[in-house]
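Below is one structure, written out as structure tokens; the observations come after it.
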Amino acid sequence: MHGHHGFNAAMKKSLAAGLLSCIALLGACAHAPSTHNPMATWVPSQNFNERRPVIIVLHATEQKSVQQSLDTLRSANRGGKVSAHYLIGDDGHIYQLVDDSKRAWHAGGGSWGTLTDLNSTSIGIEIDNERGEAYTDAQIASIIRLLDDLCTRHTIPRTQVIGHSDLAPTRKVDPGARFPWKTLADAGFGRWPQGELIDPPAGFDPWLAMAAVGYSLTDRAAAVRAFHQHYRAQDDGDNPQAVFDAEDLRILYALNASVVTTTP
Ligand SMILES: [Zn+2]
């Protein structure tokens, strides 16, 4: 009997231990997975905060309604899961879908300057807009208010506001040639040529200027098309022969000067 009792006690002990470890595991599963590296000794410091975004990417939803976009940005979505931190309705209403400190899925492949994983480094703002449609005054007012808030709270340089087509010129055309970049520039956001435009001196290399501004030169015609949308309000479609004209060179010369005289 004693033996039996001892066996029972041992069983109960091991069952209890098993249960405890299950509870511990469940606890672990209920929270974010640990990112403590097993090859290092964990000696935690309290001196940290959330990582900060360094750039803001503007998009057009290219969908029929803000409700359709709210569904797309929060669902499994047939074309793959997508999201953005913010969505702006055509009445100017601002929706937030992902915390500023988290990585939303809006940019995809592409680059801007030395940034090659834009989802990790940016805040994404979707604007309710079907392709070719004009943006509303209420939307632009809300975008400017939101940019001011984000740049202030996260110390994002006000020049670091770009379009999806700027970082992915071979794949994307949003927010499109009708997006009022000049209005944003007048409010202090995005990079815009300052002062009177003048012809660049002989030997000026527009491609070096494009790279200095941030554009990838992998597909030069695509880069020119993205530049035309942003700085000339001009839609070249998918023209594989898109090239710079004299006004483009004057703009690029001024943009290049603003890059070398300001920190990003
Ligand atoms: Zn986009």
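Residue numbering restarts at 1 in every chain; chains get A, B, ... in the order shown in the structure tokens, and ligands count up from 1 in that same order.
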(message) Within 7 Å of ligand 1 (counting only C-alpha atoms and all ligand atoms), which residues show up? I'd like them as a ChimeraX atom specification.
(response) /A:59-61,106-107,164,172,174-175
(message) Neighbouring residues of A:Asp99 were defined as those with any atom within 10 Å, considering only C-alpha atoms; residues of the same chain fewer than 2 positions away were excluded. Please report them as a list in words.
(response)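 Residues near the query, excluding close chain neighbours: Ala84, His85, Tyr86, Gln96, Leu97, Ser101, Lys102, Arg103, Ala104 and Ile123 of chain A.
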Residues of the last selection are to be written out with N, CA, C and O atoms, as an mmCIF file, in the first residue's frame.
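Resulting contents of again_5.cif:
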```cif
data_model
loop_
_atom_site.group_PDB
_atom_site.id
_atom_site.type_symbol
_atom_site.label_atom_id
_atom_site.label_comp_id
_atom_site.auth_asym_id
_atom_site.auth_seq_id
_atom_site.Cartn_x
_atom_site.Cartn_y
_atom_site.Cartn_z
ATOM 1 N N ALA A 84 -2.213 49.292 -44.096
ATOM 2 C CA ALA A 84 -1.540 50.591 -44.023
ATOM 3 C C ALA A 84 -1.805 51.121 -42.628
ATOM 4 O O ALA A 84 -2.738 50.674 -41.958
ATOM 5 N N HIS A 85 -0.984 52.052 -42.181
ATOM 6 C CA HIS A 85 -1.214 52.613 -40.848
ATOM 7 C C HIS A 85 -2.481 53.468 -40.833
ATOM 8 O O HIS A 85 -3.249 53.434 -39.884
ATOM 9 N N TYR A 86 -2.677 54.225 -41.921
ATOM 10 C CA TYR A 86 -3.812 55.153 -41.978
ATOM 11 C C TYR A 86 -4.536 55.047 -43.313
ATOM 12 O O TYR A 86 -3.940 54.671 -44.328
ATOM 13 N N GLN A 96 -7.238 54.898 -38.458
ATOM 14 C CA GLN A 96 -5.948 54.255 -38.198
ATOM 15 C C GLN A 96 -6.171 52.756 -38.067
ATOM 16 O O GLN A 96 -7.044 52.304 -37.321
ATOM 17 N N LEU A 97 -5.357 51.961 -38.788
ATOM 18 C CA LEU A 97 -5.541 50.509 -38.829
ATOM 19 C C LEU A 97 -4.391 49.740 -38.178
ATOM 20 O O LEU A 97 -4.553 48.581 -37.811
ATOM 21 N N SER A 101 4.051 52.166 -34.409
ATOM 22 C CA SER A 101 5.297 51.455 -34.083
ATOM 23 C C SER A 101 5.379 50.090 -34.743
ATOM 24 O O SER A 101 6.414 49.432 -34.661
ATOM 25 N N LYS A 102 4.285 49.645 -35.406
ATOM 26 C CA LYS A 102 4.289 48.321 -36.036
ATOM 27 C C LYS A 102 4.532 48.421 -37.544
ATOM 28 O O LYS A 102 4.345 49.475 -38.138
ATOM 29 N N ARG A 103 4.902 47.278 -38.140
ATOM 30 C CA ARG A 103 5.250 47.223 -39.564
ATOM 31 C C ARG A 103 4.002 46.850 -40.372
ATOM 32 O O ARG A 103 3.591 45.696 -40.376
ATOM 33 N N ALA A 104 3.412 47.840 -41.055
ATOM 34 C CA ALA A 104 2.258 47.565 -41.926
ATOM 35 C C ALA A 104 2.768 47.121 -43.294
ATOM 36 O O ALA A 104 3.927 47.344 -43.645
ATOM 37 N N ILE A 123 5.818 54.937 -42.361
ATOM 38 C CA ILE A 123 4.381 54.992 -42.071
ATOM 39 C C ILE A 123 3.681 55.026 -43.426
ATOM 40 O O ILE A 123 4.054 55.814 -44.299
#
```
Sorted by chain and rising residue number, which residues of stretch 29-65 of chain A lie within 10 Å of stretch 133-154 of chain A, and what are their closest atom pairs and distances in Å to one decimal, counting only C-alpha atoms, as a tab-separated table?
```
residue	atom	partner	partner_atom	distance
A:Arg51	CA	A:His154	CA	9.5
A:Arg52	CA	A:His154	CA	6.2
A:Pro53	CA	A:His154	CA	6.9
A:Val54	CA	A:His154	CA	7.8
A:Ile55	CA	A:Cys151	CA	8.8
A:Ile56	CA	A:Leu147	CA	8.2
A:Leu58	CA	A:Ile143	CA	9.3
A:Ala60	CA	A:Tyr135	CA	9.6
A:Glu62	CA	A:Glu133	CA	9.3
```
(message) Which residues are near A:Trp207? Cut-off 9 Å, only C-alpha atoms, ignore same chain within fewer than 3 positions. Put them as a list in words.
(response) Met210, Ala211, Ala212, Leu217 and Arg220 of chain A
Residues from last step as file, N, CA, C and O atoms, as a short mmCIF file (atom, residue, chain, number, x, y, z; two decimals), in the first residue's frame:
```
data_model
loop_
_atom_site.label_atom_id
_atom_site.label_comp_id
_atom_site.auth_asym_id
_atom_site.auth_seq_id
_atom_site.Cartn_x
_atom_site.Cartn_y
_atom_site.Cartn_z
N MET A 210 18.99 62.36 -59.72
CA MET A 210 17.87 61.45 -59.42
C MET A 210 18.23 60.52 -58.26
O MET A 210 17.42 60.31 -57.34
N ALA A 211 19.43 59.96 -58.32
CA ALA A 211 19.87 59.04 -57.26
C ALA A 211 20.01 59.79 -55.93
O ALA A 211 19.66 59.27 -54.87
N ALA A 212 20.51 61.03 -56.00
CA ALA A 212 20.68 61.82 -54.77
C ALA A 212 19.32 62.12 -54.13
O ALA A 212 19.19 62.12 -52.90
N LEU A 217 17.70 53.74 -60.07
CA LEU A 217 17.97 53.88 -61.51
C LEU A 217 17.93 52.53 -62.22
O LEU A 217 18.37 52.42 -63.37
N ARG A 220 15.49 53.19 -65.90
CA ARG A 220 15.56 54.66 -65.98
C ARG A 220 14.30 55.29 -66.54
O ARG A 220 13.87 56.35 -66.09
#
```
(request) Could you find all residues in stretch 77-156 of chain A that DSSP calls strand (DSSP E) from the backbone, and write them as a list in words? (result)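 The residues of stretch 77-156 of chain A classed as strand (DSSP E) are Tyr86, Leu87, Ile88, Ile94, Tyr95, Gln96, Ser122, Ile123, Gly124, Ile125, Glu126 and Ile127 of chain A.
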(request) Tell me, in Å to one decimal, how far atom CA of A:Trp105 is from atom CA of A:Leu87. (result)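 Spanning atom CA of A:Trp105 to atom CA of A:Leu87 is a straight-line distance of 13.1 Å.
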(request) For atom CA of A:Phe179 and atom CA of A:Ala221, quote the distance in Å rounded to one decimal. (result) 20.5 Å
(request) Calculate how many Å separate atom CA of A:Thr183 from atom CA of A:Thr72, rounding to one decimal. (result) 28.8 Å
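Using only C-alpha atoms, the smallest distance between any of A:Ser83, A:Ser34, A:Gln241, A:Ser165 and A:Gly124 comes from A:Ser83.
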Within 10 Å of A:Ala233, counting only C-alpha atoms, which residues show up once you throw out same-chain ones fewer than 5 positions away? Write them as a short mmCIF file (atom, residue, chain, number, x, y, z; two decimals) with N, CA and C atoms, in the first residue's frame, please.
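Here's the written file part24.cif:
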```
data_model
loop_
_atom_site.label_atom_id
_atom_site.label_comp_id
_atom_site.auth_asym_id
_atom_site.auth_seq_id
_atom_site.Cartn_x
_atom_site.Cartn_y
_atom_site.Cartn_z
N GLY A 176 -0.43 58.99 -58.12
CA GLY A 176 -0.83 59.45 -59.45
C GLY A 176 -0.54 60.90 -59.75
N ALA A 177 -0.68 61.23 -61.05
CA ALA A 177 -0.31 62.57 -61.54
C ALA A 177 -1.25 63.66 -61.00
N ARG A 178 -2.44 63.28 -60.52
CA ARG A 178 -3.37 64.29 -60.01
C ARG A 178 -3.13 64.60 -58.53
N PHE A 179 -2.17 63.92 -57.89
CA PHE A 179 -1.92 64.23 -56.48
C PHE A 179 -1.22 65.58 -56.36
N PRO A 180 -1.72 66.48 -55.50
CA PRO A 180 -1.18 67.85 -55.45
C PRO A 180 0.08 67.98 -54.57
N TRP A 181 1.21 67.48 -55.08
CA TRP A 181 2.47 67.55 -54.33
C TRP A 181 2.88 68.98 -54.02
N LYS A 182 2.54 69.91 -54.97
CA LYS A 182 2.90 71.32 -54.76
C LYS A 182 2.17 71.89 -53.54
N ALA A 226 8.00 58.22 -62.95
CA ALA A 226 7.65 58.54 -61.56
C ALA A 226 7.96 60.00 -61.25
N PHE A 227 9.10 60.48 -61.77
CA PHE A 227 9.49 61.88 -61.58
C PHE A 227 8.46 62.81 -62.23
N HIS A 228 8.02 62.47 -63.46
CA HIS A 228 7.03 63.30 -64.16
C HIS A 228 5.71 63.37 -63.39
#
```
May I have the residues within 10 Å of A:Glu247 as a PDB file with N, CA, C and O atoms, in the first residue's frame, using only C-alpha atoms and disregarding those fewer than 6 positions away in the same chain?
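Once everything was written out, this is part_29.pdb:
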```pdb
ATOM      1  N   LEU A 197      13.897  78.600 -60.952  1.00  0.00           N
ATOM      2  CA  LEU A 197      14.557  77.481 -61.631  1.00  0.00           C
ATOM      3  C   LEU A 197      15.511  78.016 -62.699  1.00  0.00           C
ATOM      4  O   LEU A 197      15.151  78.891 -63.484  1.00  0.00           O
ATOM      5  N   ILE A 198      16.727  77.492 -62.700  1.00  0.00           N
ATOM      6  CA  ILE A 198      17.707  77.923 -63.698  1.00  0.00           C
ATOM      7  C   ILE A 198      18.300  76.706 -64.415  1.00  0.00           C
ATOM      8  O   ILE A 198      18.277  75.594 -63.886  1.00  0.00           O
ATOM      9  N   ASP A 199      18.817  76.931 -65.630  1.00  0.00           N
ATOM     10  CA  ASP A 199      19.437  75.837 -66.373  1.00  0.00           C
ATOM     11  C   ASP A 199      20.671  75.356 -65.628  1.00  0.00           C
ATOM     12  O   ASP A 199      21.469  76.178 -65.145  1.00  0.00           O
ATOM     13  N   ARG A 232       5.811  67.076 -62.333  1.00  0.00           N
ATOM     14  CA  ARG A 232       5.229  67.756 -63.485  1.00  0.00           C
ATOM     15  C   ARG A 232       3.732  67.510 -63.599  1.00  0.00           C
ATOM     16  O   ARG A 232       3.117  67.982 -64.577  1.00  0.00           O
ATOM     17  N   TYR A 253      18.079  69.990 -61.037  1.00  0.00           N
ATOM     18  CA  TYR A 253      19.232  70.771 -60.560  1.00  0.00           C
ATOM     19  C   TYR A 253      18.899  71.422 -59.215  1.00  0.00           C
ATOM     20  O   TYR A 253      19.693  71.384 -58.263  1.00  0.00           O
TER      21      TYR A 253
END
```
(message) What parts of stretch 160-262 of chain A does DSSP call helix (DSSP H, G or I)? I'd like the answer as a PyMOL selection string.
(response) chain A and resi 164-167+181-186+206-213+220-232+246-261
(message) I'd like the contact shell of A:Phe189 - 7 Å cut-off, only C-alpha atoms, skipping same-chain residues fewer than 6 positions apart - returned as a VMD selection string.
(response) chain A and resid 158 to 159 161
Write a file of the selected residues as a PDB file, in the first residue's frame, keeping all heavy atoms.
```pdb
ATOM      1  N   ARG A 158      10.696  66.547 -42.604  1.00  0.00           N
ATOM      2  CA  ARG A 158       9.529  66.895 -43.418  1.00  0.00           C
ATOM      3  C   ARG A 158       9.769  66.715 -44.908  1.00  0.00           C
ATOM      4  O   ARG A 158       8.805  66.679 -45.692  1.00  0.00           O
ATOM      5  CB  ARG A 158       9.077  68.322 -43.068  1.00  0.00           C
ATOM      6  CG  ARG A 158       8.443  68.301 -41.683  1.00  0.00           C
ATOM      7  CD  ARG A 158       8.115  69.631 -41.058  1.00  0.00           C
ATOM      8  NE  ARG A 158       7.656  69.352 -39.690  1.00  0.00           N
ATOM      9  CZ  ARG A 158       6.435  69.596 -39.231  1.00  0.00           C
ATOM     10  NH1 ARG A 158       5.559  70.209 -39.993  1.00  0.00           N
ATOM     11  NH2 ARG A 158       6.101  69.263 -38.014  1.00  0.00           N
ATOM     12  N   THR A 159      11.024  66.573 -45.296  1.00  0.00           N
ATOM     13  CA  THR A 159      11.310  66.267 -46.704  1.00  0.00           C
ATOM     14  C   THR A 159      11.035  64.791 -47.018  1.00  0.00           C
ATOM     15  O   THR A 159      10.917  64.419 -48.185  1.00  0.00           O
ATOM     16  CB  THR A 159      12.798  66.534 -47.026  1.00  0.00           C
ATOM     17  OG1 THR A 159      13.598  65.893 -46.023  1.00  0.00           O
ATOM     18  CG2 THR A 159      13.102  68.013 -47.058  1.00  0.00           C
ATOM     19  N   VAL A 161       8.685  62.658 -47.311  1.00  0.00           N
ATOM     20  CA  VAL A 161       7.315  62.268 -47.648  1.00  0.00           C
ATOM     21  C   VAL A 161       7.306  61.980 -49.141  1.00  0.00           C
ATOM     22  O   VAL A 161       7.583  62.879 -49.947  1.00  0.00           O
ATOM     23  CB  VAL A 161       6.301  63.381 -47.300  1.00  0.00           C
ATOM     24  CG1 VAL A 161       4.880  62.944 -47.646  1.00  0.00           C
ATOM     25  CG2 VAL A 161       6.397  63.770 -45.824  1.00  0.00           C
TER      26      VAL A 161
END
```
(message) Set the distance at 8 Å and use only C-alpha atoms: which residues neighbour A:Gly109 once local chain neighbours fewer than 4 positions away are removed? I'd like the list as a PyMOL selection string.
(response) chain A and resi 116-118+168
(message) Counting only C-alpha atoms, which residue out of A:Ile88, A:Leu167, A:Val260, A:Leu184 sits closest to A:Leu115?
(response)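 Among the listed residues, the smallest separation from A:Leu115 belongs to A:Leu167.
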